[in-house]
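Asks: I'm passing along structure.cif; it holds mmCIF, C-alpha atoms and all ligand atoms.
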data_structure
#
loop_
_atom_site.label_atom_id
_atom_site.label_comp_id
_atom_site.auth_asym_id
_atom_site.auth_seq_id
_atom_site.Cartn_x
_atom_site.Cartn_y
_atom_site.Cartn_z
CA MET I 1 -7.36 29.58 39.06
CA SER I 2 -3.97 30.20 37.49
CA TYR I 3 -0.66 28.62 38.38
CA SER I 4 1.48 30.50 40.85
CA TRP I 5 5.14 30.91 39.84
CA PRO I 6 7.90 32.29 42.08
CA GLU I 7 7.57 35.96 43.07
CA GLY I 8 7.66 38.28 40.09
CA LYS I 9 7.44 35.57 37.43
CA ARG I 10 4.53 35.21 35.05
CA ALA I 11 5.48 32.15 32.99
CA ALA I 12 8.25 29.54 32.79
CA PHE I 13 10.52 28.21 30.05
CA VAL I 14 12.46 24.92 30.18
CA PHE I 15 14.97 23.90 27.50
CA SER I 16 14.93 20.11 27.59
CA VAL I 17 17.02 17.71 25.54
CA ASP I 18 16.30 14.00 25.10
CA VAL I 19 19.66 12.40 24.34
CA ASP I 20 18.37 9.56 22.17
CA ILE I 21 21.21 8.34 20.01
CA GLU I 22 21.07 4.67 19.02
CA SER I 23 18.78 3.35 21.76
CA PRO I 24 15.33 3.96 20.14
CA MET I 25 16.52 2.17 17.01
CA LEU I 26 18.01 -0.70 19.02
CA TRP I 27 14.71 -1.09 20.90
CA ARG I 28 12.75 -1.03 17.64
CA MET I 29 15.10 -3.57 16.00
CA ARG I 30 15.59 -5.80 19.06
CA GLY I 31 16.12 -9.43 18.11
CA GLN I 32 16.87 -8.49 14.48
CA GLU I 33 20.20 -8.06 12.77
CA ILE I 34 21.00 -4.44 11.78
CA ARG I 35 22.75 -4.53 8.40
CA GLY I 36 22.32 -0.93 7.22
CA PHE I 37 24.25 2.00 8.70
CA GLY I 38 22.19 4.83 7.20
CA GLU I 39 19.94 5.55 10.18
CA LEU I 40 22.68 4.62 12.68
CA GLU I 41 25.04 7.24 11.26
CA GLN I 42 22.31 9.89 11.33
CA ARG I 43 21.74 9.05 14.98
CA ARG I 44 25.44 8.94 15.88
CA TYR I 45 25.74 12.47 14.46
CA GLY I 46 23.76 13.45 17.57
CA GLU I 47 26.60 12.38 19.83
CA ARG I 48 29.45 13.50 17.57
CA VAL I 49 28.11 16.92 16.54
CA GLY I 50 24.56 17.78 17.65
CA LEU I 51 25.00 17.48 21.40
CA LYS I 52 28.14 19.62 21.34
CA ARG I 53 26.36 22.31 19.31
CA LEU I 54 23.46 22.37 21.75
CA LEU I 55 25.85 22.69 24.69
CA ALA I 56 27.69 25.53 22.96
CA LEU I 57 24.39 27.32 22.25
CA GLN I 58 23.25 27.01 25.86
CA ALA I 59 26.61 28.28 27.13
CA GLU I 60 26.39 31.24 24.74
CA LEU I 61 22.85 32.06 25.92
CA GLY I 62 23.68 31.46 29.59
CA ILE I 63 20.95 28.90 30.24
CA LYS I 64 20.87 25.62 32.15
CA ALA I 65 18.95 22.81 30.47
CA SER I 66 17.35 19.53 31.54
CA TYR I 67 18.89 16.55 29.75
CA TYR I 68 17.27 13.09 29.80
CA VAL I 69 19.70 10.32 28.89
CA PRO I 70 18.92 6.63 28.23
CA GLY I 71 21.18 4.38 30.32
CA TYR I 72 22.53 2.68 27.19
CA GLU I 73 23.75 5.97 25.68
CA ALA I 74 25.36 6.99 28.98
CA GLU I 75 27.32 3.72 29.12
CA GLN I 76 28.21 3.72 25.43
CA TYR I 77 29.36 7.36 25.39
CA ASP I 78 30.68 7.83 28.89
CA TRP I 79 31.69 11.46 28.40
CA ILE I 80 28.07 12.58 28.22
CA LEU I 81 26.79 12.44 31.82
CA PRO I 82 29.94 13.90 33.47
CA THR I 83 30.12 16.68 30.85
CA LEU I 84 26.46 17.66 31.28
CA GLN I 85 26.79 17.66 35.06
CA GLY I 86 30.12 19.52 34.87
CA GLN I 87 28.48 22.29 32.81
CA GLY I 88 25.73 22.73 35.40
CA HIS I 89 22.89 21.09 33.47
CA GLU I 90 20.35 18.77 35.01
CA VAL I 91 20.49 15.09 34.03
CA GLY I 92 17.52 12.75 34.35
CA LEU I 93 16.45 9.22 33.42
CA HIS I 94 15.02 8.23 30.02
CA GLY I 95 14.83 4.42 30.00
CA TYR I 96 17.79 2.14 29.28
CA TYR I 97 17.12 1.12 25.67
CA HIS I 98 14.39 3.78 25.32
CA GLU I 99 11.81 1.07 26.11
CA LEU I 100 8.12 1.86 25.71
CA VAL I 101 6.84 1.48 29.27
CA ASN I 102 3.31 0.37 28.37
CA GLN I 103 4.79 -2.61 26.53
CA LEU I 104 6.64 -3.82 29.65
CA SER I 105 5.33 -5.42 32.84
CA PRO I 106 5.68 -3.50 36.13
CA ALA I 107 8.56 -5.84 37.10
CA GLU I 108 10.34 -5.17 33.78
CA ASN I 109 9.89 -1.41 34.21
CA ALA I 110 11.39 -1.66 37.71
CA GLU I 111 14.36 -3.56 36.28
CA VAL I 112 14.93 -0.88 33.61
CA LEU I 113 14.81 1.85 36.27
CA ASP I 114 17.30 0.07 38.52
CA LYS I 115 19.67 -0.64 35.66
CA SER I 116 19.56 2.99 34.47
CA ILE I 117 19.89 4.50 37.96
CA ALA I 118 22.97 2.31 38.55
CA VAL I 119 24.68 3.90 35.52
CA PHE I 120 23.99 7.43 36.80
CA GLU I 121 25.17 6.55 40.31
CA LYS I 122 28.36 4.96 38.99
CA GLN I 123 29.25 7.85 36.67
CA LEU I 124 28.02 10.80 38.76
CA GLY I 125 27.79 9.56 42.33
CA VAL I 126 24.18 10.78 42.65
CA THR I 127 20.69 9.39 42.07
CA PRO I 128 18.81 11.35 39.41
CA LYS I 129 15.81 13.35 40.63
CA GLY I 130 14.02 13.53 37.30
CA TYR I 131 12.45 11.03 34.93
CA ARG I 132 11.12 11.38 31.42
CA SER I 133 9.61 8.29 29.87
CA PRO I 134 10.63 7.27 26.36
CA ALA I 135 8.02 8.49 23.85
CA TRP I 136 6.09 10.14 26.71
CA GLU I 137 4.07 7.15 27.87
CA LEU I 138 3.35 6.30 31.51
CA THR I 139 1.79 3.38 33.35
CA GLN I 140 -0.29 3.48 36.52
CA GLU I 141 2.51 1.88 38.55
CA LEU I 142 5.39 4.12 37.49
CA PRO I 143 4.78 7.12 39.78
CA GLU I 144 5.09 4.84 42.85
CA GLN I 145 8.08 2.97 41.38
CA LEU I 146 9.85 6.28 40.75
CA LYS I 147 9.13 7.65 44.24
CA GLU I 148 10.47 4.43 45.83
CA ARG I 149 13.78 5.07 44.05
CA GLY I 150 14.18 8.70 45.13
CA VAL I 151 12.97 10.26 41.87
CA VAL I 152 10.95 13.39 42.69
CA TYR I 153 9.30 14.25 39.38
CA ASP I 154 8.18 12.91 36.03
CA SER I 155 8.13 14.90 32.79
CA SER I 156 6.11 12.86 30.29
CA LEU I 157 2.43 13.82 30.43
CA MET I 158 0.24 16.56 28.97
CA GLY I 159 -2.68 16.94 31.40
CA TYR I 160 -2.05 20.65 32.08
CA ASP I 161 0.30 23.26 30.67
CA HIS I 162 1.82 23.98 34.08
CA PRO I 163 3.19 21.62 36.76
CA TYR I 164 0.71 19.36 38.56
CA THR I 165 0.69 16.19 40.63
CA VAL I 166 -0.01 12.65 39.38
CA ASN I 167 -0.51 9.82 41.88
CA GLY I 168 1.51 11.79 44.44
CA LEU I 169 4.40 12.51 42.04
CA THR I 170 5.14 15.97 40.65
CA GLU I 171 4.54 16.20 36.91
CA ILE I 172 6.39 18.77 34.78
CA PRO I 173 4.36 18.51 31.57
CA VAL I 174 5.51 18.27 27.98
CA GLN I 175 3.63 18.81 24.72
CA TRP I 176 4.03 17.45 21.18
CA LEU I 177 3.59 20.90 19.69
CA LEU I 178 6.94 21.91 21.20
CA ASP I 179 8.88 18.76 20.26
CA ASP I 180 11.38 19.04 17.39
CA ALA I 181 10.95 15.41 16.27
CA ILE I 182 7.39 15.76 15.00
CA TYR I 183 8.54 18.42 12.54
CA PHE I 184 12.12 17.60 11.70
CA LYS I 185 12.81 13.89 12.25
CA PHE I 186 13.42 12.34 8.87
CA SER I 187 15.25 9.02 8.76
CA GLY I 188 14.64 8.09 5.14
CA GLY I 189 14.17 4.51 4.04
CA GLY I 190 10.40 4.96 3.93
CA LEU I 191 10.05 5.43 7.70
CA ASP I 192 8.90 9.05 7.43
CA LYS I 193 6.14 10.19 5.12
CA TRP I 194 6.68 13.93 5.10
CA TYR I 195 9.57 16.25 4.31
CA PRO I 196 11.18 18.36 7.06
CA PRO I 197 9.68 21.88 7.11
CA SER I 198 11.54 25.15 7.09
CA PRO I 199 12.83 26.23 10.51
CA TYR I 200 11.02 29.55 9.95
CA MET I 201 7.66 27.76 9.89
CA VAL I 202 8.44 25.96 13.14
CA LEU I 203 9.82 29.13 14.76
CA GLU I 204 6.61 30.96 13.87
CA SER I 205 4.51 28.21 15.44
CA TRP I 206 6.65 28.06 18.57
CA LEU I 207 6.62 31.86 18.99
CA GLU I 208 2.83 31.86 18.68
CA GLU I 209 2.63 29.16 21.36
CA TRP I 210 5.10 31.10 23.48
CA GLU I 211 2.87 34.23 23.31
CA ALA I 212 -0.16 32.16 24.34
CA ILE I 213 1.69 30.48 27.21
CA TYR I 214 3.04 33.82 28.40
CA GLU I 215 -0.47 35.30 28.34
CA THR I 216 -1.97 32.44 30.35
CA GLY I 217 0.98 32.02 32.73
CA GLY I 218 1.97 28.50 31.73
CA LEU I 219 5.09 26.48 31.04
CA PHE I 220 6.87 26.37 27.68
CA MET I 221 8.59 22.96 27.72
CA LEU I 222 10.83 22.86 24.67
CA THR I 223 12.04 19.34 23.79
CA VAL I 224 14.80 18.72 21.27
CA HIS I 225 17.01 15.80 20.25
CA PRO I 226 20.71 16.26 19.38
CA TRP I 227 20.55 14.23 16.14
CA VAL I 228 17.49 16.19 14.98
CA SER I 229 18.13 19.76 16.19
CA GLY I 230 21.92 19.69 16.03
CA LYS I 231 21.76 20.75 12.37
CA GLY I 232 22.99 24.29 11.69
CA GLN I 233 19.73 25.87 10.57
CA ARG I 234 17.89 24.49 13.63
CA ILE I 235 20.54 25.72 16.06
CA ARG I 236 20.11 29.19 14.53
CA MET I 237 16.35 28.89 14.95
CA LEU I 238 16.68 27.82 18.59
CA ARG I 239 18.91 30.83 19.28
CA ARG I 240 16.18 33.15 17.94
CA LEU I 241 13.54 31.44 20.04
CA VAL I 242 15.48 31.66 23.30
CA GLU I 243 16.52 35.27 22.64
CA GLU I 244 12.84 36.15 22.23
CA VAL I 245 11.98 34.44 25.54
CA GLN I 246 14.92 36.11 27.30
CA GLY I 247 13.62 39.49 26.11
CA ARG I 248 11.05 39.46 28.91
CA SER I 249 12.21 39.93 32.49
CA ASP I 250 9.24 38.17 34.13
CA VAL I 251 9.93 34.74 32.62
CA TRP I 252 11.46 32.02 34.75
CA LEU I 253 14.08 30.17 32.68
CA ALA I 254 14.84 27.16 34.82
CA THR I 255 15.44 23.42 34.80
CA ALA I 256 12.59 20.96 35.24
CA GLN I 257 14.06 19.97 38.60
CA GLU I 258 13.91 23.59 39.78
CA LEU I 259 10.26 23.72 38.70
CA ALA I 260 9.58 20.47 40.59
CA GLU I 261 11.15 21.89 43.75
CA HIS I 262 9.01 25.01 43.41
CA HIS I 263 5.87 22.95 42.84
CA GLN I 264 6.44 20.78 45.90
CA GLY I 265 6.84 23.77 48.19
CA SER I 266 3.98 25.82 46.73
CA ALA I 267 0.25 26.07 47.29
CA ASN I 268 -0.48 24.98 43.70
CA SER I 269 -2.83 22.05 44.04
CA PHE I 270 -3.60 20.44 40.75
CA GLU I 271 -3.67 16.74 41.52
CA VAL I 272 -4.97 13.94 39.30
CA SER I 273 -4.90 10.19 39.71
CA LEU I 274 -4.05 7.77 36.93
CA THR I 275 -7.02 5.43 36.95
CA PRO I 276 -7.96 3.42 33.86
CA PRO I 277 -11.49 3.77 32.48
CA ASP I 278 -13.69 0.67 32.47
CA THR I 279 -13.44 -0.90 29.02
CA ARG I 280 -15.61 -3.98 29.75
CA PHE I 281 -18.63 -2.81 27.77
ZN ZN K 301 13.35 9.82 23.80
#
Spit out the file's structure as structure tokens when you get a sec.
Ligand SMILES: [Zn+2]
Replies:
Amino acid sequence: MSYSWPEGKRAAFVFSVDVDIESPMLWRMRGQEIRGFGELEQRRYGERVGLKRLLALQAELGIKASYYVPGYEAEQYDWILPTLQGQGHEVGLHGYYHELVNQLSPAENAEVLDKSIAVFEKQLGVTPKGYRSPAWELTQELPEQLKERGVVYDSSLMGYDHPYTVNGLTEIPVQWLLDDAIYFKFSGGGLDKWYPPSPYMVLESWLEEWEAIYETGGLFMLTVHPWVSGKGQRIRMLRRLVEEVQGRSDVWLATAQELAEHHQGSANSFEVSLTPPDTRF
């Protein structure tokens, strides 16, 4: 059984952006003094340059994206949320300090959600409908905790390559293959063990995946980060990718929230429950 998209559409494409600036580094270094500015400046480039280049590219191509913003970044750089909303993009939750949810207790995860939602409500006057967990991890409790707070979908898991339902919450899946960080993130200082590949190599891989997803009627969830993909050669590569996708008239270019709304009102029934396997052997 294949996934049913809106009338006349064969596959979907979402341009998603995870606005991780300093927060993942702050979480990693919590409790320690940060004395070096090398990685911090690379990350701050994302706010100063990369994010603006991505916004300009999306305006040029006429597409609305889904942005996931850690609460810390939204408070630190308070132009971000109102600007994204003002330009018609979707904004969703992405932790406060980009915390890894499986390292926190359910009560601590609830606290992070409440603290982050408060920032969105204060700056935008609305509760976000979407959630993407930092580093794409999810606990058994989170779907219920998100629903209790008015969040209608998660976008962190990889169980299908089209929307499905997890513990009663709509899931708009992601995949590592289509994440810029695994190819291009290079912080230096011995943290990364490989050199960043040519954008042509990544474009070739992404176009091959796009052809396969189009053939099977799935979702192409592109995920980029402003400090990683805001570099000139990668912006040029992203333009080529989107232009290729836009060359077909039966592709639904939409936000993750629009996909979630479609999924909830459709007959697509792919439901799974997050239950841990028994490890007492
Ligand atoms: Zn992230």
Asks: At a cut-off of 7 Å around ligand ZN 301 (chain K), and using all atoms listed in the file, what residues come up? Please write them as a VMD selection string.
Replies: chain I and resid 18 to 20 94 98 134 to 135
Asks: So how far away is atom CA of I:Glu60 from atom CA of I:Tyr153, in Å?
Replies: 28.2 Å
Asks: Do you have, as a Markdown table, the list of residues of stretch 142-230 of chain I lying at most 12 Å from stretch 8-14 of chain I, each with its nearest atom pair and that distance in Å to one decimal, counting all atoms listed in the file and ordered by chain then number?
Replies:
| residue | atom | partner | partner_atom | distance |
| --- | --- | --- | --- | --- |
| I:Ser155 | CA | I:Val14 | CA | 11.2 |
| I:Asp161 | CA | I:Ala12 | CA | 10.4 |
| I:His162 | CA | I:Ala12 | CA | 8.6 |
| I:Pro163 | CA | I:Ala12 | CA | 10.2 |
| I:Ile172 | CA | I:Val14 | CA | 9.8 |
| I:Pro173 | CA | I:Val14 | CA | 10.4 |
| I:Val174 | CA | I:Val14 | CA | 9.9 |
| I:Leu178 | CA | I:Val14 | CA | 11.0 |
| I:Glu209 | CA | I:Phe13 | CA | 11.8 |
| I:Trp210 | CA | I:Phe13 | CA | 9.0 |
| I:Glu211 | CA | I:Ala11 | CA | 10.2 |
| I:Ala212 | CA | I:Ala11 | CA | 10.3 |
| I:Ile213 | CA | I:Ala11 | CA | 7.1 |
| I:Tyr214 | CA | I:Ala11 | CA | 5.5 |
| I:Glu215 | CA | I:Ala11 | CA | 8.2 |
| I:Thr216 | CA | I:Ala11 | CA | 7.9 |
| I:Gly217 | CA | I:Ala11 | CA | 4.5 |
| I:Gly218 | CA | I:Ala11 | CA | 5.2 |
| I:Leu219 | CA | I:Ala12 | CA | 4.7 |
| I:Phe220 | CA | I:Phe13 | CA | 4.7 |
| I:Met221 | CA | I:Val14 | CA | 5.0 |
| I:Leu222 | CA | I:Val14 | CA | 6.1 |
| I:Thr223 | CA | I:Val14 | CA | 8.5 |
| I:Val224 | CA | I:Val14 | CA | 11.1 |
Asks: Using only C-alpha atoms, can you tell me which of I:Gln140, I:Gly168, I:Pro6, I:Tyr67 comes closest to I:Ser269?
Replies: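 Result for the nearest residue to I:Ser269: I:Gly168.
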Asks: Do you know which residues are at most 12 Å from stretch 188-197 of chain I counting all atoms listed in the file, after dropping those on the same chain fewer than 2 positions away, and could you put them as a compact mmCIF listing (two decimals) with C-alpha atoms, in the coordinates of the input?
Replies:
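Saved the output as selection.txt:
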# COMPACT_ATOMS: atom_id res chain seq x y z
CA MET I 25 16.52 2.17 17.01
CA GLY I 36 22.32 -0.93 7.22
CA PHE I 37 24.25 2.00 8.70
CA GLY I 38 22.19 4.83 7.20
CA GLU I 39 19.94 5.55 10.18
CA LEU I 40 22.68 4.62 12.68
CA GLN I 42 22.31 9.89 11.33
CA ASP I 180 11.38 19.04 17.39
CA ALA I 181 10.95 15.41 16.27
CA ILE I 182 7.39 15.76 15.00
CA TYR I 183 8.54 18.42 12.54
CA PHE I 184 12.12 17.60 11.70
CA LYS I 185 12.81 13.89 12.25
CA PHE I 186 13.42 12.34 8.87
CA PRO I 199 12.83 26.23 10.51
CA TYR I 200 11.02 29.55 9.95
CA MET I 201 7.66 27.76 9.89
CA VAL I 202 8.44 25.96 13.14
CA LEU I 203 9.82 29.13 14.76
CA GLU I 204 6.61 30.96 13.87
CA SER I 205 4.51 28.21 15.44
CA VAL I 228 17.49 16.19 14.98
CA SER I 229 18.13 19.76 16.19
CA GLN I 233 19.73 25.87 10.57
CA ARG I 234 17.89 24.49 13.63
Asks: At a cut-off of 8 Å, using only C-alpha atoms, what residues contact I:Ile235? Leave out same-chain residues fewer than 4 positions from it and give the result as an MDAnalysis selection string.
Replies: chainID I and resid 53:54 57 229:231 239
Asks: With distances taken over only C-alpha atoms, which residue among I:Ile34, I:Leu26, I:Leu142, I:Leu81 lies nearest I:Val112?
Replies: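 Checking each candidate against I:Val112, we get I:Leu142 as the closest.
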Asks: Would you list the contacts of I:Asp78 as a PDB file with C-alpha atoms, keeping the file's coordinate frame, taking every protein, DNA or RNA residue within 12 Å and counting only C-alpha atoms, but skipping same-chain residues closer than 6 positions in sequence?
Replies:
ATOM      1  CA  GLU I  47      26.600  12.380  19.830  1.00  0.00           C
ATOM      2  CA  VAL I  69      19.700  10.320  28.890  1.00  0.00           C
ATOM      3  CA  PRO I  70      18.920   6.630  28.230  1.00  0.00           C
ATOM      4  CA  GLY I  71      21.180   4.380  30.320  1.00  0.00           C
ATOM      5  CA  TYR I  72      22.530   2.680  27.190  1.00  0.00           C
ATOM      6  CA  LEU I  84      26.460  17.660  31.280  1.00  0.00           C
ATOM      7  CA  VAL I 119      24.680   3.900  35.520  1.00  0.00           C
ATOM      8  CA  PHE I 120      23.990   7.430  36.800  1.00  0.00           C
ATOM      9  CA  LYS I 122      28.360   4.960  38.990  1.00  0.00           C
ATOM     10  CA  GLN I 123      29.250   7.850  36.670  1.00  0.00           C
ATOM     11  CA  LEU I 124      28.020  10.800  38.760  1.00  0.00           C
TER      12      LEU I 124
END
Asks: In Å to one decimal, how far is atom CA of I:Tyr68 from atom CA of I:Val91?
Replies: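 So the answer is 5.7 Å.
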Asks: Quote the spacing between atom CA of I:Val166 and atom CA of I:Thr127 in Å to one decimal place.
Replies: 21.1 Å
Asks: Do you know which residues are at most 9 Å from I:Glu137 counting all atoms listed in the file, after dropping those on the same chain fewer than 4 positions away, and could you put them as a PDB file with C-alpha atoms, in the coordinates of the input?
Replies:
ATOM      1  CA  LEU I 100       8.120   1.860  25.710  1.00  0.00           C
ATOM      2  CA  VAL I 101       6.840   1.480  29.270  1.00  0.00           C
ATOM      3  CA  ASN I 102       3.310   0.370  28.370  1.00  0.00           C
ATOM      4  CA  ARG I 132      11.120  11.380  31.420  1.00  0.00           C
ATOM      5  CA  SER I 133       9.610   8.290  29.870  1.00  0.00           C
ATOM      6  CA  SER I 156       6.110  12.860  30.290  1.00  0.00           C
ATOM      7  CA  LEU I 157       2.430  13.820  30.430  1.00  0.00           C
TER       8      LEU I 157
END
Asks: Go through I:Ile21, I:Val242, I:Leu207, I:Ala74 and flag the residue nearest I:Gln58, using only C-alpha atoms for the distances.
Replies: I:Val242
